[in-house]
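Shown next: start39.txt, containing compact mmCIF, C-alpha atoms.
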# COMPACT_ATOMS: atom_id res chain seq x y z
CA MET A 18 0.00 0.00 0.00
CA LYS A 19 1.10 3.56 -0.77
CA TYR A 20 0.53 6.27 1.83
CA MET A 21 -0.07 10.00 1.82
CA THR A 22 3.17 11.91 2.42
CA PHE A 23 2.02 15.52 1.95
CA ASN A 24 -1.08 17.51 2.83
CA SER A 25 -4.32 16.82 0.92
CA SER A 26 -2.62 14.14 -1.19
CA CYS A 27 -5.26 11.38 -0.86
CA SER A 28 -6.01 11.34 -4.59
CA TYR A 29 -2.27 11.31 -5.38
CA ALA A 30 -1.78 8.36 -3.04
CA GLY A 31 -4.83 6.89 -4.77
CA ILE A 32 -3.14 7.08 -8.18
CA ALA A 33 -0.08 5.38 -6.66
CA ASN A 34 -2.28 2.65 -5.17
CA MET A 35 -4.02 2.08 -8.50
CA LEU A 36 -0.68 1.85 -10.28
CA GLU A 37 0.47 -0.70 -7.71
CA GLN A 38 -2.34 -2.97 -8.93
CA TYR A 39 -0.54 -2.88 -12.30
CA GLY A 40 2.85 -3.65 -10.73
CA ILE A 41 4.09 -0.04 -10.87
CA ASP A 42 5.94 1.11 -7.74
CA THR A 43 5.60 4.86 -7.18
CA THR A 44 4.43 7.36 -4.54
CA ASP A 45 2.24 10.44 -4.25
CA ARG A 46 5.42 12.50 -4.05
CA GLU A 47 6.95 11.03 -7.21
CA ILE A 48 3.70 11.60 -9.05
CA ALA A 49 3.50 15.24 -7.92
CA LEU A 50 7.10 15.95 -8.87
CA GLY A 51 6.68 14.12 -12.18
CA MET A 52 3.76 16.42 -12.96
CA LYS A 53 5.80 19.51 -12.00
CA LEU A 54 2.93 20.13 -9.58
CA PRO A 55 4.76 22.72 -7.41
CA TYR A 56 4.98 24.99 -10.48
CA LEU A 57 1.36 24.76 -11.62
CA PHE A 58 -1.26 27.44 -10.97
CA VAL A 59 -4.64 27.33 -12.67
CA TYR A 60 -7.73 29.54 -12.85
CA ASP A 61 -10.72 27.25 -13.13
CA ASP A 62 -14.43 27.99 -12.80
CA GLY A 63 -13.93 31.25 -10.90
CA ALA A 64 -11.27 29.91 -8.53
CA TYR A 65 -7.47 29.91 -8.34
CA VAL A 66 -6.17 26.37 -7.89
CA SER A 67 -2.74 24.87 -7.25
CA GLY A 68 -0.96 21.91 -5.71
CA PRO A 69 -2.96 18.85 -4.58
CA MET A 70 -6.25 20.52 -5.54
CA LEU A 71 -5.32 19.80 -9.18
CA GLN A 72 -6.99 16.41 -9.33
CA LYS A 73 -8.38 16.01 -12.84
CA ALA A 74 -7.19 13.58 -15.50
CA GLU A 75 -5.64 16.48 -17.44
CA TRP A 76 -3.13 16.96 -14.63
CA PHE A 77 -2.54 13.38 -13.54
CA ASP A 78 -1.91 12.44 -17.18
CA ILE A 79 1.21 14.60 -17.24
CA TYR A 80 2.83 11.90 -15.10
CA LEU A 81 0.75 8.92 -16.19
CA ASN A 82 1.35 9.41 -19.92
CA SER A 83 5.10 9.33 -19.33
CA ILE A 84 4.87 5.79 -17.90
CA GLY A 85 2.33 4.45 -20.39
CA PHE A 86 -1.03 5.13 -18.73
CA GLN A 87 -3.87 7.60 -18.90
CA LEU A 88 -6.69 8.33 -16.46
CA ILE A 89 -10.24 7.80 -17.69
CA GLU A 90 -12.89 9.65 -15.68
CA LYS A 91 -16.54 8.73 -16.03
CA LYS A 92 -19.65 10.05 -14.29
CA ILE A 93 -21.71 7.14 -13.03
CA LEU A 94 -25.16 7.15 -11.42
CA ALA A 95 -25.10 5.83 -7.85
CA ASP A 96 -27.23 2.78 -8.65
CA LYS A 97 -24.84 1.83 -11.50
CA VAL A 98 -21.55 2.33 -9.63
CA VAL A 99 -21.23 -1.16 -8.17
CA ASP A 100 -21.77 -2.86 -11.54
CA TYR A 101 -19.19 -0.55 -13.10
CA LEU A 102 -16.64 -1.22 -10.35
CA LYS A 103 -17.03 -4.99 -10.67
CA GLU A 104 -15.85 -4.71 -14.27
CA GLN A 105 -12.63 -2.87 -13.31
CA LYS A 106 -9.21 -4.08 -12.21
CA THR A 107 -9.03 -1.03 -9.95
CA ALA A 108 -10.74 2.37 -9.72
CA MET A 109 -10.81 5.51 -7.61
CA LEU A 110 -13.81 7.48 -6.40
CA GLY A 111 -14.68 9.94 -3.64
CA ILE A 112 -16.86 9.08 -0.67
CA LYS A 113 -18.60 11.51 1.67
CA MET A 114 -16.86 12.09 5.00
CA GLY A 115 -19.40 14.31 6.79
CA ASN A 116 -18.07 17.81 7.47
CA ALA A 117 -14.65 16.74 6.18
CA GLY A 118 -15.94 16.74 2.60
CA LYS A 119 -14.84 14.00 0.15
CA HIS A 120 -12.13 11.38 0.52
CA ALA A 121 -10.60 9.33 -2.30
CA ILE A 122 -10.62 5.54 -1.97
CA VAL A 123 -9.39 2.86 -4.37
CA TYR A 124 -11.42 -0.19 -5.39
CA ILE A 125 -9.36 -3.41 -5.56
CA GLY A 126 -11.94 -6.20 -5.70
CA MET A 127 -14.77 -8.13 -4.06
CA GLU A 128 -14.86 -10.41 -1.05
CA ALA A 129 -18.11 -12.31 -0.60
CA ASP A 130 -20.76 -9.62 -1.06
CA GLU A 131 -18.53 -6.71 -0.06
CA LEU A 132 -16.46 -4.30 -2.13
CA ILE A 133 -12.88 -3.84 -0.89
CA PHE A 134 -11.21 -0.43 -1.00
CA ILE A 135 -7.78 0.89 -0.11
CA ASN A 136 -8.23 3.80 2.26
CA ASN A 137 -5.67 6.38 1.12
CA LYS A 138 -4.18 7.67 4.38
CA TRP A 139 -1.06 8.75 6.24
CA GLU A 140 1.08 5.79 7.34
CA ASN A 141 0.68 6.52 11.05
CA GLU A 142 -2.94 7.61 10.85
CA GLU A 143 -5.12 5.52 13.14
CA VAL A 144 -7.72 4.51 10.58
CA PRO A 145 -8.04 1.21 8.67
CA SER A 146 -5.85 0.70 5.59
CA GLU A 147 -8.68 -1.22 3.95
CA ILE A 148 -12.40 -0.64 4.17
CA LYS A 149 -15.26 -2.82 2.99
CA PHE A 150 -18.74 -1.76 1.96
CA SER A 151 -21.81 -3.67 1.00
CA GLU A 152 -23.48 -2.38 -2.14
CA GLU A 153 -26.04 -0.51 -0.06
CA GLU A 154 -23.40 1.00 2.25
CA LEU A 155 -21.39 2.29 -0.70
CA ARG A 156 -24.44 3.96 -2.27
CA GLU A 157 -25.04 5.80 1.01
CA LYS A 158 -21.46 7.12 0.91
CA ILE A 159 -21.57 8.62 -2.58
CA ASP A 160 -23.49 11.34 -4.39
CA ALA A 161 -26.36 10.63 -6.77
CA GLU A 162 -23.75 10.82 -9.53
CA VAL A 163 -20.08 10.14 -8.87
CA VAL A 164 -16.90 10.44 -10.92
CA VAL A 165 -15.06 7.13 -11.10
CA ALA A 166 -11.47 7.12 -12.38
CA ILE A 167 -9.75 4.12 -13.95
CA LEU A 168 -6.38 3.57 -15.60
CA GLN A 169 -5.89 2.68 -19.25
CA THR A 170 -2.60 1.62 -20.81
CA ILE A 171 -1.23 3.66 -23.72
CA LYS A 172 2.07 4.16 -25.49
CA ALA A 173 4.33 6.16 -23.18
CA THR A 174 4.64 9.79 -24.26
CA LYS A 175 6.01 13.01 -22.77
CA VAL A 176 3.56 15.84 -22.23
CA CYS A 177 5.05 19.21 -23.22
CA MET A 178 4.73 21.49 -20.20
CA THR A 179 5.73 24.80 -21.82
CA ASP A 180 2.20 26.15 -22.29
CA LYS A 181 1.09 25.02 -18.84
CA LEU A 182 4.06 26.65 -17.13
CA GLU A 183 3.61 29.88 -19.09
CA GLU A 184 -0.05 29.91 -18.09
CA SER A 185 0.98 29.30 -14.47
CA LEU A 186 3.03 32.50 -14.51
CA VAL A 187 0.03 34.49 -15.70
CA VAL A 188 -2.35 32.89 -13.18
CA LEU A 189 -0.03 33.27 -10.18
CA GLN A 190 0.50 36.96 -10.93
CA ALA A 191 -3.24 37.51 -11.40
CA ASN A 192 -3.90 35.71 -8.11
CA VAL A 193 -1.49 37.95 -6.24
CA LEU A 194 -2.80 41.13 -7.89
CA GLU A 195 -6.34 40.27 -6.79
CA ILE A 196 -5.18 39.73 -3.21
CA ILE A 197 -3.25 43.01 -3.22
CA GLU A 198 -6.30 44.87 -4.52
CA LEU A 199 -8.31 43.31 -1.70
CA CYS A 200 -5.72 44.51 0.83
CA ASN A 201 -6.72 48.10 0.02
CA LYS A 202 -10.45 47.59 0.56
CA GLU A 203 -12.54 47.51 3.68
CA VAL A 204 -14.57 44.30 3.66
CA THR A 205 -16.25 42.05 6.19
CA VAL A 206 -14.42 39.17 7.77
CA GLU A 207 -17.16 36.93 6.43
CA TYR A 208 -16.30 38.04 2.89
CA LEU A 209 -12.62 37.18 3.44
CA GLN A 210 -13.63 33.79 4.82
CA SER A 211 -15.65 33.14 1.66
CA LYS A 212 -12.47 33.69 -0.38
CA LEU A 213 -10.27 31.23 1.53
CA ASN A 214 -10.48 28.38 -0.97
CA THR A 215 -10.97 30.34 -4.20
CA LEU A 216 -8.41 33.14 -3.70
CA PHE A 217 -6.03 32.51 -0.78
CA ARG A 218 -5.56 28.74 -0.74
CA PRO A 219 -3.18 28.35 -3.73
CA LEU A 220 -0.42 30.45 -2.16
CA PHE A 221 -1.25 30.56 1.55
CA LEU A 222 -1.81 26.80 1.98
CA ASP A 223 -1.13 24.54 -0.99
CA GLY A 224 1.79 26.68 -2.14
CA ILE A 225 3.49 26.11 1.22
CA THR A 226 3.04 22.34 0.84
CA MET A 227 4.50 22.48 -2.65
CA LEU A 228 7.50 24.57 -1.64
CA ASN A 229 8.33 22.05 1.07
CA LEU A 230 8.00 19.28 -1.53
CA ILE A 231 10.83 20.80 -3.62
CA GLY A 232 13.02 21.54 -0.59
CA GLU A 233 12.30 25.30 -0.44
CA THR A 234 11.71 25.06 3.31
CA GLU A 235 12.95 28.53 4.28
CA PHE A 236 10.84 30.10 1.54
CA ALA A 237 7.86 28.06 2.73
CA GLU A 238 8.37 29.39 6.25
CA GLU A 239 8.10 32.97 4.97
CA TRP A 240 4.74 32.09 3.43
CA LYS A 241 3.77 30.43 6.71
CA VAL A 242 4.24 33.77 8.48
CA MET A 243 2.00 35.37 5.86
CA GLN A 244 -0.52 32.57 6.41
CA GLY A 245 -0.54 33.33 10.14
CA ASN A 246 -1.26 36.99 9.40
CA LEU A 247 -4.18 36.00 7.18
CA LEU A 248 -5.59 33.69 9.83
CA GLY A 249 -5.33 36.52 12.34
CA ALA A 250 -7.55 38.61 10.07
CA ILE A 251 -10.24 36.02 9.47
CA ARG A 252 -10.58 34.97 13.11
CA ALA A 253 -12.28 38.24 13.99
CA ASP A 254 -16.07 38.50 14.23
CA LYS A 255 -17.47 37.63 10.81
CA ASN A 256 -19.60 40.79 10.71
CA GLN A 257 -16.67 43.07 11.47
CA SER A 258 -15.30 45.19 8.63
CA ILE A 259 -11.52 45.24 8.31
CA ARG A 260 -8.80 46.25 5.88
CA LEU A 261 -6.70 43.19 5.02
CA GLY A 262 -3.69 45.41 4.39
CA GLU A 263 -3.50 46.06 8.14
CA PHE A 264 -2.73 42.37 8.66
CA ILE A 265 -0.82 41.50 5.48
CA SER A 266 1.94 43.57 3.92
CA ALA A 267 1.09 43.97 0.23
CA ASP A 268 4.74 44.83 -0.46
CA LYS A 269 5.99 41.67 1.24
CA LEU A 270 3.36 39.61 -0.57
CA GLN A 271 4.56 40.99 -3.89
CA VAL A 272 8.18 40.16 -3.06
CA LEU A 273 7.33 36.57 -2.08
CA ALA A 274 5.15 36.10 -5.14
CA GLN A 275 7.95 37.34 -7.40
CA ARG A 276 10.30 34.75 -5.89
CA TYR A 277 7.74 32.05 -6.66
CA VAL A 278 7.43 33.40 -10.21
CA GLU A 279 11.20 33.02 -10.59
CA LEU A 280 11.02 29.37 -9.53
CA ILE A 281 8.43 28.73 -12.24
CA ARG A 282 10.51 30.61 -14.81
CA ILE A 283 13.54 28.46 -14.02
CA GLU A 284 11.42 25.33 -14.51
CA LEU A 285 10.04 26.76 -17.74
CA GLU A 286 13.55 27.30 -19.11
CA LYS A 287 14.46 23.70 -18.24
CA GLU A 288 11.34 22.51 -20.08
CA LYS A 289 12.23 24.51 -23.19
CA LEU A 290 15.66 22.91 -23.27
CA GLU A 291 14.11 19.44 -23.15
CA VAL A 292 11.67 20.05 -26.03
In structure tokens, what does this structure look like?
Amino acid sequence: MKYMTFNSSCSYAGIANMLEQYGIDTTDREIALGMKLPYLFVYDDGAYVSGPMLQKAEWFDIYLNSIGFQLIEKKILADKVVDYLKEQKTAMLGIKMGNAGKHAIVYIGMEADELIFINNKWENEEVPSEIKFSEEELREKIDAEVVVAILQTIKATKVCMTDKLEESLVVLQANVLEIIELCNKEVTVEYLQSKLNTLFRPLFLDGITMLNLIGETEFAEEWKVMQGNLLGAIRADKNQSIRLGEFISADKLQVLAQRYVELIRIELEKEKLEV
């Protein structure tokens, strides 16, 4: 079994666990680095996204295509999911975890009348490594329609990353500009809270995880200080109006963002040399 080794990496560990069913030995970390994940920033459906929140086939295929696989995602109605899973060697889907949102698990077969899943988790996490559901129990854990991901073998091919890295530069800079503009406005704490996942998360949370992944620990710590300042702002009464710039230095934010931009530019130049 392959475990989670960085924050929010359950779907990355899930890809590693699916690959293991095909005899491929890899980890969530190797997958992320193979995708150049620390250098990817995306604007998708009104939200800025980076790091482990990039969970679609388009992104996983950057790594998978290089080793001769691709990810096939299919929306399946809840009452058809079990039949679909029984036809697969392995598959990944998300189950509901109450207030914790969704959690990725990996189907690996049947035992009697129960479906067996790998529970993607941290190695020392005190939860079962395998979980079993009856057909009825599984249906209660999923939405009315659920995305199921399977692996398909293909001829190994390298995905050119030039366009994606160039787009990342544009998106990161737009993300920072929007935060800086917000620093100069007086808004409610509740409004800032509503922007946590769509505006702040890529740099103030997932970006820190990604910087640690590539060994930029001191740089990550500087972002961690910025993260603490942000948390200080949003912990006030939700109805209170504040100016974010009183908690976060827009100048410092710009400096840190520019350093991140330079990391992406270096990776972009490496990519151009490989093409």
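For the atom pair formed by atom CA of Val188 of chain A and atom CA of Glu284 of chain A, the distance is 15.8 Å, given to one decimal.
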Quiz item: At what distance in Å, to one decimal, does atom CA of Val242 of chain A lie from atom CA of Glu203 of chain A?
Solution: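 Taking atom CA of Glu203 of chain A as the start and atom CA of Val242 of chain A as the end point, the length is 22.2 Å.
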Can you tell me which residues surround segment 191-201 of chain A at a distance of at most 6 Å, considering all atoms listed in the file, apart from same-chain residues fewer than 2 positions away, and format the answer as an mmCIF file with C-alpha atoms, keeping the file's coordinate frame?
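Written output follows (out-v9.cif):
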data_model
loop_
_atom_site.group_PDB
_atom_site.id
_atom_site.type_symbol
_atom_site.label_atom_id
_atom_site.label_comp_id
_atom_site.auth_asym_id
_atom_site.auth_seq_id
_atom_site.Cartn_x
_atom_site.Cartn_y
_atom_site.Cartn_z
ATOM 1 C CA VAL A 188 -2.350 32.890 -13.180
ATOM 2 C CA LEU A 189 -0.030 33.270 -10.180
ATOM 3 C CA LEU A 261 -6.700 43.190 5.020
ATOM 4 C CA GLY A 262 -3.690 45.410 4.390
ATOM 5 C CA ALA A 267 1.090 43.970 0.230
#
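Closest approach to Val176 of chain A among A:Tyr39, A:Tyr65, A:Phe264, A:Tyr80 is made by A:Tyr80 (distances from only C-alpha atoms).
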Quiz prompt | Distance query Thr215 of chain A at most 9 Å, only C-alpha atoms, self and fewer than 6 positions along chain excluded, as a count of residues only | solution = 4
Quiz item: Near Gln87 of chain A, within 9 Å and counting all atoms listed in the file, which residues show up once chain neighbours fewer than 6 positions away are dropped, as a PyMOL selection string?
Solution: chain A and resi 74+77-81+167-171
For the residues selected in the previous step, produce a file with C-alpha atoms as a CSV table (one decimal), keeping the file's coordinate frame.
chain,number,residue,atom,x,y,z
A,74,ALA,CA,-7.2,13.6,-15.5
A,77,PHE,CA,-2.5,13.4,-13.5
A,78,ASP,CA,-1.9,12.4,-17.2
A,79,ILE,CA,1.2,14.6,-17.2
A,80,TYR,CA,2.8,11.9,-15.1
A,81,LEU,CA,0.8,8.9,-16.2
A,167,ILE,CA,-9.8,4.1,-14.0
A,168,LEU,CA,-6.4,3.6,-15.6
A,169,GLN,CA,-5.9,2.7,-19.2
A,170,THR,CA,-2.6,1.6,-20.8
A,171,ILE,CA,-1.2,3.7,-23.7
Could you give me, as a PDB file with C-alpha atoms, in the frame of the given file, the residues that sit within 7 Å of (-7.6, -5.7, 0.1) in the file's coordinates, counting only C-alpha atoms?
ATOM      1  CA  ILE A 125      -9.360  -3.410  -5.560  1.00  0.00           C
ATOM      2  CA  ILE A 133     -12.880  -3.840  -0.890  1.00  0.00           C
ATOM      3  CA  PHE A 134     -11.210  -0.430  -1.000  1.00  0.00           C
ATOM      4  CA  ILE A 135      -7.780   0.890  -0.110  1.00  0.00           C
ATOM      5  CA  GLU A 147      -8.680  -1.220   3.950  1.00  0.00           C
TER       6      GLU A 147
END
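Separating atom CA of Lys241 of chain A from atom CA of Leu209 of chain A is a distance of 18.0 Å.
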Quiz item: Looking at all atoms listed in the file, which of A:Asp62, A:Glu143, A:Gln72, A:Met52 is the one that sits closest to Cys177 of chain A?
Solution: A:Met52
Quiz item: With distances taken over all atoms listed in the file, which of A:Lys202, A:Lys19, A:Arg218, A:Arg252 is nearest to Trp139 of chain A?
Solution: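 Of all the options, A:Lys19 lies closest to Trp139 of chain A.
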Quiz item: Quick one: of A:Tyr60, A:Asn246, A:Asp42, A:Ser28, who's nearest to Pro219 of chain A, counting only C-alpha atoms?
Solution: A:Tyr60
Exercise. Measuring atom to atom with only C-alpha atoms, identify which of A:Glu142, A:Glu286, A:Glu162, A:Glu238 is nearest to Gly111 of chain A.
Key: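 Ranked by minimum distance to Gly111 of chain A, first place goes to A:Glu162.
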Taking the block above, write segment 246-258 of chain A with N, CA, C and O atoms as a compact mmCIF listing (two decimals), in the first residue's frame.
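Contents of selection.txt, as written:
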# COMPACT_ATOMS: atom_id res chain seq x y z
N ASN A 246 -0.67 35.65 9.43
CA ASN A 246 -1.26 36.99 9.40
C ASN A 246 -2.68 36.96 8.82
O ASN A 246 -3.58 37.64 9.31
N LEU A 247 -2.85 36.15 7.79
CA LEU A 247 -4.18 36.00 7.18
C LEU A 247 -5.15 35.39 8.18
O LEU A 247 -6.29 35.86 8.33
N LEU A 248 -4.72 34.34 8.85
CA LEU A 248 -5.59 33.69 9.83
C LEU A 248 -5.97 34.64 10.96
O LEU A 248 -7.08 34.60 11.47
N GLY A 249 -5.03 35.51 11.32
CA GLY A 249 -5.33 36.52 12.34
C GLY A 249 -6.45 37.44 11.90
O GLY A 249 -7.29 37.87 12.71
N ALA A 250 -6.50 37.73 10.60
CA ALA A 250 -7.55 38.61 10.07
C ALA A 250 -8.91 37.93 10.06
O ALA A 250 -9.92 38.53 10.42
N ILE A 251 -8.94 36.67 9.66
CA ILE A 251 -10.24 36.02 9.47
C ILE A 251 -10.81 35.41 10.75
O ILE A 251 -11.92 34.88 10.74
N ARG A 252 -10.07 35.50 11.84
CA ARG A 252 -10.58 34.97 13.11
C ARG A 252 -11.40 35.99 13.87
O ARG A 252 -11.98 35.69 14.92
N ALA A 253 -11.45 37.21 13.35
CA ALA A 253 -12.28 38.24 13.99
C ALA A 253 -13.76 37.92 13.76
O ALA A 253 -14.11 37.01 13.01
N ASP A 254 -14.62 38.68 14.42
CA ASP A 254 -16.07 38.50 14.23
C ASP A 254 -16.42 38.62 12.76
O ASP A 254 -15.97 39.54 12.08
N LYS A 255 -17.21 37.69 12.25
CA LYS A 255 -17.47 37.63 10.81
C LYS A 255 -18.18 38.87 10.28
O LYS A 255 -18.07 39.19 9.09
N ASN A 256 -18.88 39.59 11.14
CA ASN A 256 -19.60 40.79 10.71
C ASN A 256 -18.75 42.05 10.77
O ASN A 256 -19.17 43.11 10.32
N GLN A 257 -17.57 41.92 11.35
CA GLN A 257 -16.67 43.07 11.47
C GLN A 257 -16.06 43.44 10.13
O GLN A 257 -15.69 42.57 9.33
N SER A 258 -15.95 44.72 9.85
CA SER A 258 -15.30 45.19 8.63
C SER A 258 -13.85 45.52 8.92
O SER A 258 -13.56 46.22 9.90
